[in-house]
file coords_5.csv (CSV, C-alpha atoms)
chain,number,residue,atom,x,y,z
A,25,MET,CA,-82.1,115.8,-20.2
A,26,GLN,CA,-82.2,116.8,-23.9
A,27,ALA,CA,-80.8,113.7,-25.5
A,28,PRO,CA,-81.5,113.7,-29.2
A,29,SER,CA,-83.1,110.3,-29.4
A,30,PRO,CA,-83.3,107.7,-26.7
A,31,PHE,CA,-82.0,104.2,-27.2
A,32,LEU,CA,-81.2,101.1,-25.2
A,33,ALA,CA,-78.8,98.5,-26.4
A,34,ALA,CA,-77.1,95.4,-25.0
A,35,GLU,CA,-74.0,94.1,-26.7
A,36,ASN,CA,-73.0,90.5,-26.2
A,37,LEU,CA,-74.3,90.7,-22.7
A,38,ALA,CA,-73.7,87.9,-20.2
A,39,CYS,CA,-74.8,87.8,-16.6
A,40,ARG,CA,-74.5,85.4,-13.8
A,41,ARG,CA,-75.9,85.0,-10.4
A,42,GLY,CA,-73.6,83.4,-7.9
A,43,GLN,CA,-71.6,80.9,-9.9
A,44,ARG,CA,-74.3,80.2,-12.4
A,45,LEU,CA,-74.2,81.7,-15.9
A,46,LEU,CA,-77.8,82.8,-16.6
A,47,PHE,CA,-77.5,83.9,-20.2
A,48,ARG,CA,-74.7,85.0,-22.7
A,49,ARG,CA,-74.3,86.5,-26.1
A,50,LEU,CA,-77.5,88.6,-25.7
A,51,SER,CA,-77.6,91.5,-28.0
A,52,PHE,CA,-80.4,93.9,-28.9
A,53,ARG,CA,-81.0,97.5,-29.7
A,54,LEU,CA,-84.2,99.3,-29.0
A,55,GLU,CA,-84.8,102.7,-30.7
A,56,ALA,CA,-87.4,105.3,-29.8
A,57,GLY,CA,-90.9,103.9,-30.0
A,58,ALA,CA,-89.8,100.3,-29.5
A,59,ALA,CA,-91.3,97.9,-27.0
A,60,CYS,CA,-89.7,94.5,-26.2
A,61,HIS,CA,-91.1,91.7,-24.2
A,62,VAL,CA,-88.7,89.4,-22.4
A,63,THR,CA,-90.1,86.0,-21.5
A,64,GLY,CA,-88.6,83.3,-19.4
A,65,ALA,CA,-89.4,81.0,-16.5
A,66,ASN,CA,-88.8,82.0,-12.9
A,67,GLY,CA,-85.1,82.2,-12.2
A,68,ALA,CA,-84.1,82.3,-15.9
A,69,GLY,CA,-82.5,85.7,-15.4
A,70,LYS,CA,-85.2,88.3,-16.4
A,71,THR,CA,-84.7,90.3,-13.2
A,72,THR,CA,-80.9,90.0,-13.5
A,73,LEU,CA,-81.1,91.3,-17.1
A,74,ILE,CA,-83.2,94.3,-16.0
A,75,ARG,CA,-80.9,95.1,-13.2
A,76,ALA,CA,-77.9,94.9,-15.6
A,77,LEU,CA,-79.6,97.2,-18.1
A,78,ALA,CA,-80.5,99.6,-15.3
A,79,GLY,CA,-76.8,99.7,-14.2
A,80,LEU,CA,-77.6,98.2,-10.9
A,81,ALA,CA,-75.7,94.9,-11.5
A,82,THR,CA,-72.3,94.5,-13.3
A,83,PRO,CA,-72.6,92.2,-16.3
A,84,TYR,CA,-70.2,89.3,-16.4
A,85,ALA,CA,-69.3,90.2,-20.0
A,86,GLY,CA,-70.5,92.6,-22.7
A,87,GLN,CA,-71.9,96.0,-22.1
A,88,VAL,CA,-75.1,98.0,-21.9
A,89,ARG,CA,-75.4,101.3,-23.8
A,90,SER,CA,-78.2,103.8,-23.5
A,91,ALA,CA,-79.2,107.4,-24.1
A,92,GLY,CA,-81.9,108.9,-22.0
A,93,SER,CA,-82.9,108.4,-18.4
A,94,LEU,CA,-84.0,105.0,-17.3
A,95,GLY,CA,-87.0,104.3,-15.1
A,96,LEU,CA,-87.2,101.0,-13.2
A,97,LEU,CA,-90.3,99.3,-11.9
A,98,ASP,CA,-89.7,96.1,-10.0
A,99,GLU,CA,-91.2,94.4,-6.9
A,100,ARG,CA,-89.4,96.8,-4.6
A,101,THR,CA,-91.3,100.1,-4.8
A,102,GLY,CA,-89.0,102.4,-3.0
A,103,LEU,CA,-92.0,103.9,-1.1
A,104,ASP,CA,-91.6,104.3,2.6
A,105,PRO,CA,-93.8,101.7,4.3
A,106,ASP,CA,-94.6,103.9,7.3
A,107,LEU,CA,-95.7,107.0,5.4
A,108,PRO,CA,-99.2,107.5,4.0
A,109,LEU,CA,-99.1,106.8,0.2
A,110,GLY,CA,-99.6,110.5,-0.7
A,111,ARG,CA,-96.5,111.6,1.3
A,112,ALA,CA,-94.4,108.6,0.1
A,113,LEU,CA,-95.2,109.5,-3.5
A,114,ALA,CA,-94.7,113.2,-2.8
A,115,PHE,CA,-91.1,112.5,-1.9
A,116,TRP,CA,-90.3,111.1,-5.3
A,117,GLU,CA,-92.3,113.9,-7.0
A,118,GLN,CA,-90.1,116.3,-5.3
A,119,VAL,CA,-86.9,114.5,-6.2
A,120,ASP,CA,-88.1,114.2,-9.8
A,121,GLY,CA,-89.3,117.8,-10.0
A,122,CYS,CA,-92.8,116.7,-11.0
A,123,THR,CA,-95.3,119.5,-10.6
A,124,SER,CA,-98.5,117.8,-11.8
A,125,PRO,CA,-98.7,114.3,-10.2
A,126,HIS,CA,-102.4,114.0,-10.1
A,127,GLY,CA,-103.0,112.7,-13.6
A,128,ALA,CA,-101.1,109.5,-12.9
A,129,ILE,CA,-102.6,109.1,-9.4
A,130,THR,CA,-106.1,109.4,-10.8
A,131,ILE,CA,-105.5,107.1,-13.8
A,132,LEU,CA,-104.2,104.4,-11.6
A,133,GLY,CA,-107.1,104.8,-9.1
A,134,LEU,CA,-104.9,105.8,-6.2
A,135,ALA,CA,-106.7,108.9,-5.1
A,136,PRO,CA,-108.8,107.1,-2.4
A,137,LEU,CA,-105.6,105.5,-1.0
A,138,LEU,CA,-103.5,108.6,-0.5
A,139,GLU,CA,-104.1,108.6,3.3
A,140,VAL,CA,-103.3,104.9,3.7
A,141,PRO,CA,-99.9,104.0,5.0
A,142,VAL,CA,-97.9,102.1,2.3
A,143,ARG,CA,-97.5,99.0,4.5
A,144,PHE,CA,-101.2,98.4,4.5
A,145,LEU,CA,-101.5,98.4,0.7
A,146,SER,CA,-102.0,95.2,-1.2
A,147,THR,CA,-99.4,93.9,-3.7
A,148,GLY,CA,-101.5,95.2,-6.6
A,149,GLN,CA,-102.0,98.6,-5.0
A,150,LYS,CA,-98.3,99.0,-4.3
A,151,LYS,CA,-97.6,98.1,-7.9
A,152,ARG,CA,-100.0,100.8,-9.0
A,153,ALA,CA,-98.3,103.3,-6.7
A,154,ALA,CA,-94.9,102.4,-8.1
A,155,LEU,CA,-96.3,102.8,-11.6
A,156,ALA,CA,-97.6,106.3,-10.7
A,157,ALA,CA,-94.1,107.2,-9.5
A,158,LEU,CA,-92.6,106.0,-12.8
A,159,LEU,CA,-95.2,107.9,-14.8
A,160,ASN,CA,-94.5,111.1,-12.9
A,161,ARG,CA,-90.8,110.8,-13.7
A,162,GLY,CA,-91.4,111.2,-17.3
A,163,VAL,CA,-88.4,109.3,-18.4
A,164,PRO,CA,-88.0,107.9,-22.0
A,165,ILE,CA,-86.8,104.4,-21.1
A,166,TRP,CA,-89.0,102.1,-19.0
A,167,LEU,CA,-87.6,98.9,-17.6
A,168,LEU,CA,-90.6,97.0,-16.2
A,169,ASP,CA,-90.0,93.8,-14.2
A,170,GLU,CA,-93.2,91.8,-13.9
A,171,PRO,CA,-95.4,95.0,-14.2
A,172,LEU,CA,-98.6,92.9,-14.4
A,173,SER,CA,-98.1,90.5,-11.4
A,174,GLY,CA,-100.7,91.0,-8.7
A,175,LEU,CA,-103.0,93.2,-10.8
A,176,ASP,CA,-106.6,92.6,-11.6
A,177,ALA,CA,-107.9,92.4,-15.2
A,178,GLU,CA,-109.0,96.0,-15.3
A,179,THR,CA,-105.7,97.4,-14.1
A,180,ILE,CA,-103.8,95.1,-16.5
A,181,ALA,CA,-105.8,96.7,-19.4
A,182,LYS,CA,-104.9,100.1,-18.0
A,183,VAL,CA,-101.2,99.3,-17.7
A,184,THR,CA,-101.1,97.9,-21.2
A,185,ALA,CA,-102.7,101.0,-22.4
A,186,LEU,CA,-100.1,103.1,-20.6
A,187,ILE,CA,-97.3,101.1,-22.1
A,188,ARG,CA,-98.8,101.6,-25.6
A,189,LEU,CA,-99.1,105.3,-24.9
A,190,HIS,CA,-95.6,105.5,-23.7
A,191,VAL,CA,-94.2,103.7,-26.8
A,192,GLY,CA,-96.5,105.6,-29.1
A,193,GLY,CA,-95.1,108.8,-27.8
A,194,GLY,CA,-91.5,107.8,-28.7
A,195,GLY,CA,-90.6,106.1,-25.4
A,196,ILE,CA,-88.9,102.7,-25.0
A,197,ALA,CA,-90.2,99.9,-22.9
A,198,LEU,CA,-88.5,96.7,-22.0
A,199,ILE,CA,-90.9,94.4,-20.2
A,200,ALA,CA,-90.0,91.2,-18.4
A,201,SER,CA,-93.1,89.3,-17.8
A,202,HIS,CA,-94.4,85.8,-18.2
A,203,GLN,CA,-97.9,87.2,-18.9
A,204,ALA,CA,-99.0,88.0,-22.4
A,205,LEU,CA,-99.0,91.7,-23.3
A,206,ASP,CA,-101.0,93.3,-26.1
A,207,VAL,CA,-98.8,96.0,-27.4
A,208,PRO,CA,-98.7,96.6,-31.2
A,209,GLY,CA,-95.3,96.2,-32.8
A,210,MET,CA,-93.7,94.7,-29.8
A,211,THR,CA,-90.8,92.4,-30.3
A,212,SER,CA,-90.1,89.6,-27.9
A,213,PHE,CA,-87.4,87.1,-27.0
A,214,ALA,CA,-87.1,84.3,-24.5
A,215,ILE,CA,-84.2,84.6,-22.2
A,216,GLU,CA,-83.8,80.8,-22.3
A,217,ASP,CA,-82.7,81.1,-25.9
A,218,PHE,CA,-79.5,82.7,-24.6
A,219,ALA,CA,-78.9,80.3,-21.7
A,220,PRO,CA,-75.6,78.4,-22.0
A,221,ALA,CA,-75.9,74.8,-23.2
A,222,PRO,CA,-75.4,72.3,-20.4
A,223,GLU,CA,-72.0,71.1,-21.8
A,224,GLU,CA,-70.8,74.7,-22.5
A,225,ASP,CA,-68.0,75.8,-20.3
A,226,ASP,CA,-68.7,78.6,-17.8
A,227,ALA,CA,-66.0,80.8,-19.3
B,3,MET,CA,-82.7,116.3,-4.7
B,4,ILE,CA,-80.2,116.3,-1.8
B,5,LEU,CA,-82.5,118.6,0.3
B,6,ALA,CA,-85.5,116.4,-0.3
B,7,LEU,CA,-83.5,113.4,0.6
B,8,LEU,CA,-82.2,115.0,3.8
B,9,ARG,CA,-85.7,115.9,4.8
B,10,ARG,CA,-87.0,112.4,4.1
B,11,ASP,CA,-84.1,110.8,6.0
B,12,LEU,CA,-84.6,113.1,9.0
B,13,GLY,CA,-88.3,112.2,9.0
B,14,GLN,CA,-87.3,108.6,9.2
B,15,PHE,CA,-84.7,108.9,12.0
B,16,PHE,CA,-85.5,112.0,14.0
B,17,PRO,CA,-86.9,111.4,17.5
B,18,PHE,CA,-90.7,111.3,17.7
B,19,THR,CA,-91.2,111.5,14.0
B,20,GLY,CA,-89.8,108.1,12.9
B,21,SER,CA,-91.0,104.9,14.4
B,22,GLY,CA,-89.2,104.2,17.7
B,23,ALA,CA,-86.6,106.8,16.9
B,24,ALA,CA,-86.6,108.3,20.3
B,25,LEU,CA,-85.4,105.1,21.9
B,26,PRO,CA,-81.7,105.8,21.9
B,27,VAL,CA,-82.2,109.0,23.9
B,28,VAL,CA,-84.6,107.4,26.3
B,29,PHE,CA,-82.1,104.5,26.7
B,30,PHE,CA,-79.3,107.0,27.3
B,31,VAL,CA,-81.2,108.8,30.1
B,32,ALA,CA,-82.3,105.5,31.6
B,33,VAL,CA,-78.7,104.3,32.0
B,34,ALA,CA,-77.7,107.5,33.7
B,35,MET,CA,-80.7,107.1,36.0
B,36,LEU,CA,-80.0,103.5,36.9
B,37,PHE,CA,-76.4,104.1,37.8
B,38,PRO,CA,-77.0,106.0,41.0
B,39,PHE,CA,-79.4,103.3,42.1
B,40,ALA,CA,-76.7,100.7,41.5
B,41,VAL,CA,-73.7,102.3,43.2
B,42,GLY,CA,-75.6,104.3,45.9
B,43,PRO,CA,-76.1,108.1,46.3
B,44,ASP,CA,-72.5,108.9,47.2
B,45,ALA,CA,-72.1,112.3,45.5
B,46,ASN,CA,-68.3,112.1,45.4
B,47,LEU,CA,-68.2,108.6,43.8
B,48,LEU,CA,-71.0,109.6,41.3
B,49,ALA,CA,-69.1,112.8,40.3
B,50,LYS,CA,-65.9,110.8,39.8
B,51,THR,CA,-67.4,107.9,37.8
B,52,GLY,CA,-70.4,109.6,36.3
B,53,GLY,CA,-68.6,111.0,33.2
B,54,GLY,CA,-67.5,107.6,32.2
B,55,VAL,CA,-71.0,106.2,32.6
B,56,VAL,CA,-72.4,109.0,30.4
B,57,TRP,CA,-69.8,108.1,27.7
B,58,ILE,CA,-70.6,104.4,27.9
B,59,ALA,CA,-74.4,105.2,27.7
B,60,ALA,CA,-73.7,107.3,24.6
B,61,LEU,CA,-71.8,104.5,23.0
B,62,LEU,CA,-74.5,102.0,23.7
B,63,ALA,CA,-77.2,104.4,22.5
B,64,ALA,CA,-75.3,104.8,19.2
B,65,ILE,CA,-75.8,101.1,18.6
B,66,LEU,CA,-79.6,101.1,18.8
B,67,PRO,CA,-80.5,102.9,15.6
B,68,LEU,CA,-78.1,100.9,13.4
B,69,GLU,CA,-80.5,98.2,12.5
B,70,LYS,CA,-82.8,100.4,10.5
B,71,LEU,CA,-80.1,102.8,9.3
B,72,VAL,CA,-79.3,101.2,5.9
B,73,ALA,CA,-80.7,97.7,5.6
B,74,ARG,CA,-84.3,98.7,5.4
B,75,ASP,CA,-83.8,101.1,2.5
B,76,ILE,CA,-81.8,98.4,0.6
B,77,ALA,CA,-84.7,96.0,1.0
B,78,LEU,CA,-87.1,98.7,-0.1
B,79,GLY,CA,-85.2,99.4,-3.3
B,80,PHE,CA,-84.9,103.0,-2.2
B,81,PHE,CA,-81.2,103.3,-3.0
B,82,ASP,CA,-81.7,101.6,-6.4
B,83,GLN,CA,-84.3,104.2,-7.3
B,84,LEU,CA,-82.0,107.0,-6.2
B,85,LYS,CA,-79.1,105.5,-8.2
B,86,LEU,CA,-81.4,105.5,-11.3
B,87,ARG,CA,-81.8,109.2,-10.8
B,88,GLY,CA,-78.1,109.6,-11.1
B,89,LEU,CA,-77.2,110.1,-7.4
B,90,ALA,CA,-73.9,108.5,-6.3
B,91,GLU,CA,-73.9,106.1,-3.4
B,92,GLU,CA,-71.4,108.3,-1.7
B,93,ALA,CA,-73.8,111.3,-1.8
B,94,MET,CA,-76.7,109.1,-0.5
B,95,MET,CA,-74.5,108.0,2.4
B,96,ALA,CA,-73.2,111.5,3.2
B,97,VAL,CA,-76.8,112.7,3.5
B,98,ARG,CA,-77.7,109.6,5.6
B,99,LEU,CA,-74.7,110.4,7.8
B,100,LEU,CA,-75.8,113.9,8.4
B,101,ALA,CA,-79.4,112.8,9.1
B,102,HIS,CA,-78.2,110.1,11.4
B,103,TRP,CA,-76.0,112.4,13.4
B,104,LEU,CA,-78.7,115.2,13.6
B,105,SER,CA,-81.2,112.7,14.9
B,106,PHE,CA,-78.9,111.2,17.5
B,107,GLY,CA,-76.2,113.7,18.4
B,108,PRO,CA,-78.1,116.9,19.4
B,109,PRO,CA,-80.9,115.0,21.2
B,110,LEU,CA,-78.1,113.2,23.2
B,111,LEU,CA,-76.4,116.4,24.0
B,112,ILE,CA,-79.7,117.8,25.4
B,113,ALA,CA,-80.3,114.6,27.3
B,114,THR,CA,-76.9,115.1,28.8
B,115,PHE,CA,-78.2,117.9,31.0
B,116,PRO,CA,-80.7,115.7,33.0
B,117,ALA,CA,-78.2,112.8,32.9
B,118,ALA,CA,-75.5,115.0,34.4
B,119,ALA,CA,-77.8,116.2,37.1
B,120,LEU,CA,-78.6,112.7,38.0
B,121,LEU,CA,-74.9,111.8,38.3
B,122,LYS,CA,-73.9,115.0,40.1
B,123,ILE,CA,-71.6,116.1,37.3
B,124,GLU,CA,-71.1,119.9,37.6
B,125,GLY,CA,-68.9,122.8,36.7
B,126,GLU,CA,-65.8,122.2,34.5
B,127,THR,CA,-66.4,118.5,34.4
B,128,PHE,CA,-69.8,119.0,32.8
B,129,ASP,CA,-68.3,121.4,30.2
B,130,ILE,CA,-65.7,118.9,29.3
B,131,LEU,CA,-68.3,116.1,29.1
B,132,LEU,CA,-70.6,118.2,26.8
B,133,LEU,CA,-67.7,119.3,24.6
B,134,GLY,CA,-66.4,115.8,24.4
B,135,LEU,CA,-69.8,114.4,23.4
B,136,LEU,CA,-70.1,117.2,20.8
B,137,ALA,CA,-66.8,116.2,19.3
B,138,GLY,CA,-67.3,112.5,19.7
B,139,THR,CA,-70.9,111.8,18.5
B,140,PRO,CA,-70.1,112.6,14.8
B,141,GLY,CA,-67.4,110.0,15.0
B,142,LEU,CA,-69.8,107.5,16.6
B,143,ALA,CA,-72.4,108.3,13.9
B,144,ALA,CA,-69.8,107.7,11.2
B,145,ILE,CA,-68.7,104.4,12.6
B,146,GLY,CA,-72.3,103.4,13.0
B,147,LEU,CA,-73.1,104.2,9.4
B,148,MET,CA,-70.1,102.3,8.0
B,149,ILE,CA,-71.0,99.2,10.1
B,150,ALA,CA,-74.7,99.5,9.2
B,151,ALA,CA,-73.9,99.6,5.5
B,152,LEU,CA,-71.3,96.7,5.7
B,153,THR,CA,-73.7,94.4,7.6
B,154,ALA,CA,-76.8,95.4,5.7
B,155,SER,CA,-76.7,92.3,3.5
B,156,LEU,CA,-76.0,89.9,6.3
B,157,ARG,CA,-78.8,88.0,8.0
B,158,ALA,CA,-77.4,88.5,11.5
B,159,GLY,CA,-76.3,92.0,10.7
B,160,ALA,CA,-78.1,93.7,13.5
B,161,ALA,CA,-76.6,91.7,16.3
B,162,LEU,CA,-73.2,91.9,14.6
B,163,SER,CA,-73.2,95.6,14.3
B,164,GLY,CA,-73.2,96.2,18.0
B,165,LEU,CA,-70.2,93.9,18.5
B,166,LEU,CA,-68.4,95.7,15.7
B,167,LEU,CA,-69.0,99.2,16.9
B,168,ILE,CA,-67.6,98.7,20.4
B,169,PRO,CA,-63.9,98.1,19.5
B,170,LEU,CA,-64.0,100.7,16.7
B,171,ALA,CA,-65.4,103.3,19.1
B,172,LEU,CA,-62.7,102.7,21.7
B,173,PRO,CA,-60.3,105.5,20.7
B,174,ILE,CA,-63.2,108.0,21.0
B,175,LEU,CA,-64.1,106.6,24.4
B,176,ILE,CA,-60.5,106.6,25.7
B,177,PHE,CA,-59.8,110.2,24.7
B,178,GLY,CA,-63.3,111.4,25.5
B,179,ALA,CA,-63.6,109.8,29.0
B,180,GLY,CA,-59.8,110.3,29.6
B,181,ALA,CA,-60.3,114.1,29.2
B,182,LEU,CA,-62.8,113.9,32.1
B,183,ALA,CA,-60.5,111.9,34.4
B,184,ARG,CA,-57.6,114.2,33.9
B,185,GLN,CA,-59.7,117.4,33.7
B,186,ASP,CA,-57.8,118.1,30.5
B,187,PRO,CA,-59.8,119.6,27.6
B,188,VAL,CA,-56.8,119.3,25.3
B,189,SER,CA,-57.4,115.6,24.6
B,190,LEU,CA,-60.8,116.5,23.3
B,191,GLY,CA,-58.8,117.7,20.3
B,192,PHE,CA,-58.0,114.1,19.6
B,193,VAL,CA,-61.6,113.1,19.8
B,194,GLY,CA,-62.5,115.8,17.3
B,195,ALA,CA,-59.6,114.7,15.0
B,196,ILE,CA,-60.8,111.1,15.1
B,197,SER,CA,-64.3,112.2,14.4
B,198,LEU,CA,-63.2,114.3,11.5
B,199,GLY,CA,-61.2,111.5,10.0
B,200,LEU,CA,-64.1,109.1,10.4
B,201,LEU,CA,-66.5,111.6,8.9
B,202,ALA,CA,-64.3,112.0,5.9
B,203,ILE,CA,-64.1,108.2,5.1
B,204,ALA,CA,-67.6,107.1,6.2
B,205,PRO,CA,-69.5,108.2,3.0
B,206,PHE,CA,-67.0,106.4,0.8
B,207,ALA,CA,-66.8,103.2,2.8
B,208,ALA,CA,-70.6,103.0,3.3
B,209,GLY,CA,-71.2,103.9,-0.4
B,210,ALA,CA,-68.8,101.1,-1.5
B,211,ALA,CA,-70.6,98.8,0.9
B,212,ILE,CA,-74.1,99.3,-0.4
B,213,ARG,CA,-72.8,99.1,-4.0
B,214,ALA,CA,-71.3,95.7,-3.1
B,215,ALA,CA,-74.5,94.6,-1.3
B,216,ARG,CA,-76.5,95.4,-4.5
B,217,GLU,CA,-74.5,92.9,-6.6
B,218,ASN,CA,-75.9,89.8,-4.9
call {"tool": "encode", "arguments": {"input": "coords_5.csv", "output": "structure tokens"}}
result
Amino acid sequence: MQAPSPFLAAENLACRRGQRLLFRRLSFRLEAGAACHVTGANGAGKTTLIRALAGLATPYAGQVRSAGSLGLLDERTGLDPDLPLGRALAFWEQVDGCTSPHGAITILGLAPLLEVPVRFLSTGQKKRAALAALLNRGVPIWLLDEPLSGLDAETIAKVTALIRLHVGGGGIALIASHQALDVPGMTSFAIEDFAPAPEEDDA
Amino acid sequence: MILALLRRDLGQFFPFTGSGAALPVVFFVAVAMLFPFAVGPDANLLAKTGGGVVWIAALLAAILPLEKLVARDIALGFFDQLKLRGLAEEAMMAVRLLAHWLSFGPPLLIATFPAAALLKIEGETFDILLLGLLAGTPGLAAIGLMIAALTASLRAGAALSGLLLIPLALPILIFGAGALARQDPVSLGFVGAISLGLLAIAPFAAGAAIRAAREN
């Protein structure tokens, strides 16, 4: 995809889960090289926001606009649990047309795990595998839902470095996490700031 | 992307490659094997009723793979990741339908040979049975996929899908088994027509179903 310059924007976005309005009047625009950290308590709507931005959930109001391919990392890896990790990753490499997957696999320390079936991997190992799949896609916009959960200190530093590298290379990263992230120039907002006031009508 | 997806889906569902995927075929032969034990070794009776038994066994075997057909990949986020890569739900479901039929139709047709031998089905009756299953199994696969996609987000989905498949598969069963009773291959045309109609709507119905399942 030869889009001139990637961007990701939300305009007056409102989302709800079930009958409950999670947030409304949320607007932002991320240009190439921008990173944004979304904070919020569990259940505040971080995941819903990410899914709305990814086009996987229909917003209640407002709209999402973007240029450039989106990559999503969430707690569901999309890797076949019955396959050895190497083959599960190879499927996505094939789909994405990635010819040199080994860099990401080595950086994330997955090389010794390639023969292990995905269902035997720990939470942190699965997360690293999903990250490798995301890296190998080479997409400009990253939507990361809790990318640091379940990771040890060493891997957190690695992931932070990868995000920095991605943003530094003109990519966009939107990270929903309740953990602190050390990325220079990163903006941040709390999703609770956009939650409807208790007396505010649902409509 | 489509080819890679088809290969992956076949790896999941094809007998002896996926986990427990050979079960429907084994089940199918087991029913055909049990029937002579239950009604006795009267060759005339077996030949007369055997075709119907094979059809019922095929229908029941079609229920077995439904549980894993769609729900597992929704829970895995697999369809989400494909959607992000720009693939429409309808295309995902069309590939899944092809993989589902390939992993259940042809093995069932092959298993029909031993099943027919056990039930003393021979000559023209056997030809009509085999042709009927060839025409009917795509329809069964299409019904199965639609039901699996519709019930994927329900907690009791697996139990429900069996109950839902049976009434929907009745027209295929009536024309398919009816062709055997009347020794009339023409009504197999109806089986084929029903199958084609189901094949045409299944990717759209199943695609809409997994889109709806994603929203909650």
call {"tool": "residues_around", "arguments": {"input": "coords_5.csv", "residues": "Gly121 (chain A)", "least_positions_apart": "5", "cutoff": "9 Å", "atoms": "all atoms listed in the file", "output": "list in words"}}
result
Trp116, Asn160 and Arg161 of chain A; Met3 of chain B
call {"tool": "residues_around", "arguments": {"input": "coords_5.csv", "residues": "region 204-216 of chain A", "least_positions_apart": "3", "cutoff": "10 Å", "atoms": "only C-alpha atoms", "output": "PDB file with C-alpha atoms, keeping the file's coordinate frame"}}
result
ATOM      1  CA  LEU A  46     -77.800  82.800 -16.600  1.00  0.00           C
ATOM      2  CA  PHE A  47     -77.500  83.900 -20.200  1.00  0.00           C
ATOM      3  CA  ARG A  48     -74.700  85.000 -22.700  1.00  0.00           C
ATOM      4  CA  LEU A  50     -77.500  88.600 -25.700  1.00  0.00           C
ATOM      5  CA  PHE A  52     -80.400  93.900 -28.900  1.00  0.00           C
ATOM      6  CA  LEU A  54     -84.200  99.300 -29.000  1.00  0.00           C
ATOM      7  CA  GLY A  57     -90.900 103.900 -30.000  1.00  0.00           C
ATOM      8  CA  ALA A  58     -89.800 100.300 -29.500  1.00  0.00           C
ATOM      9  CA  ALA A  59     -91.300  97.900 -27.000  1.00  0.00           C
ATOM     10  CA  CYS A  60     -89.700  94.500 -26.200  1.00  0.00           C
ATOM     11  CA  HIS A  61     -91.100  91.700 -24.200  1.00  0.00           C
ATOM     12  CA  VAL A  62     -88.700  89.400 -22.400  1.00  0.00           C
ATOM     13  CA  THR A  63     -90.100  86.000 -21.500  1.00  0.00           C
ATOM     14  CA  GLY A  64     -88.600  83.300 -19.400  1.00  0.00           C
ATOM     15  CA  ALA A  65     -89.400  81.000 -16.500  1.00  0.00           C
ATOM     16  CA  ALA A  68     -84.100  82.300 -15.900  1.00  0.00           C
ATOM     17  CA  GLY A  69     -82.500  85.700 -15.400  1.00  0.00           C
ATOM     18  CA  LYS A  70     -85.200  88.300 -16.400  1.00  0.00           C
ATOM     19  CA  LEU A  73     -81.100  91.300 -17.100  1.00  0.00           C
ATOM     20  CA  LEU A 172     -98.600  92.900 -14.400  1.00  0.00           C
ATOM     21  CA  ILE A 180    -103.800  95.100 -16.500  1.00  0.00           C
ATOM     22  CA  ALA A 181    -105.800  96.700 -19.400  1.00  0.00           C
ATOM     23  CA  VAL A 183    -101.200  99.300 -17.700  1.00  0.00           C
ATOM     24  CA  THR A 184    -101.100  97.900 -21.200  1.00  0.00           C
ATOM     25  CA  ALA A 185    -102.700 101.000 -22.400  1.00  0.00           C
ATOM     26  CA  LEU A 186    -100.100 103.100 -20.600  1.00  0.00           C
ATOM     27  CA  ILE A 187     -97.300 101.100 -22.100  1.00  0.00           C
ATOM     28  CA  ARG A 188     -98.800 101.600 -25.600  1.00  0.00           C
ATOM     29  CA  LEU A 189     -99.100 105.300 -24.900  1.00  0.00           C
ATOM     30  CA  VAL A 191     -94.200 103.700 -26.800  1.00  0.00           C
ATOM     31  CA  GLY A 192     -96.500 105.600 -29.100  1.00  0.00           C
ATOM     32  CA  ALA A 197     -90.200  99.900 -22.900  1.00  0.00           C
ATOM     33  CA  LEU A 198     -88.500  96.700 -22.000  1.00  0.00           C
ATOM     34  CA  ILE A 199     -90.900  94.400 -20.200  1.00  0.00           C
ATOM     35  CA  ALA A 200     -90.000  91.200 -18.400  1.00  0.00           C
ATOM     36  CA  SER A 201     -93.100  89.300 -17.800  1.00  0.00           C
ATOM     37  CA  ALA A 219     -78.900  80.300 -21.700  1.00  0.00           C
ATOM     38  CA  PRO A 220     -75.600  78.400 -22.000  1.00  0.00           C
ATOM     39  CA  ALA A 221     -75.900  74.800 -23.200  1.00  0.00           C
TER      40      ALA A 221
END
call {"tool": "interface_residues", "arguments": {"input": "coords_5.csv", "of": "chain A", "to": "chain B", "cutoff": "8 Å", "atoms": "all atoms listed in the file", "output": "VMD selection string"}}
result
chain A and resid 41 to 42 78 to 82 93 to 96 100 to 104 115 118 to 120
call {"tool": "atom_distance", "arguments": {"input": "coords_5.csv", "atom1": "CA of Ile131 (chain A)", "atom2": "CA of Leu159 (chain A)"}}
result
10.4 Å
call {"tool": "atom_distance", "arguments": {"input": "coords_5.csv", "atom1": "CA of Phe128 (chain B)", "atom2": "CA of Val55 (chain B)"}}
result
12.9 Å
call {"tool": "residues_around", "arguments": {"input": "coords_5.csv", "residues": "region 190-200 of chain B", "least_positions_apart": "4", "cutoff": "7 Å", "atoms": "only C-alpha atoms", "output": "compact mmCIF listing (two decimals) with C-alpha atoms, in the frame of the given file"}}
result
# COMPACT_ATOMS: atom_id res chain seq x y z
CA GLY B 134 -66.40 115.80 24.40
CA ALA B 137 -66.80 116.20 19.30
CA GLY B 138 -67.30 112.50 19.70
CA PRO B 140 -70.10 112.60 14.80
CA GLY B 141 -67.40 110.00 15.00
CA ALA B 144 -69.80 107.70 11.20
CA ILE B 145 -68.70 104.40 12.60
CA ILE B 174 -63.20 108.00 21.00
CA PHE B 177 -59.80 110.20 24.70
CA GLY B 178 -63.30 111.40 25.50
CA ALA B 181 -60.30 114.10 29.20
CA ALA B 204 -67.60 107.10 6.20
call {"tool": "residues_around", "arguments": {"input": "coords_5.csv", "residues": "Val88 (chain A)", "least_positions_apart": "3", "cutoff": "7 Å", "atoms": "all atoms listed in the file", "output": "ChimeraX atom specification"}}
result
/A:33-35,77
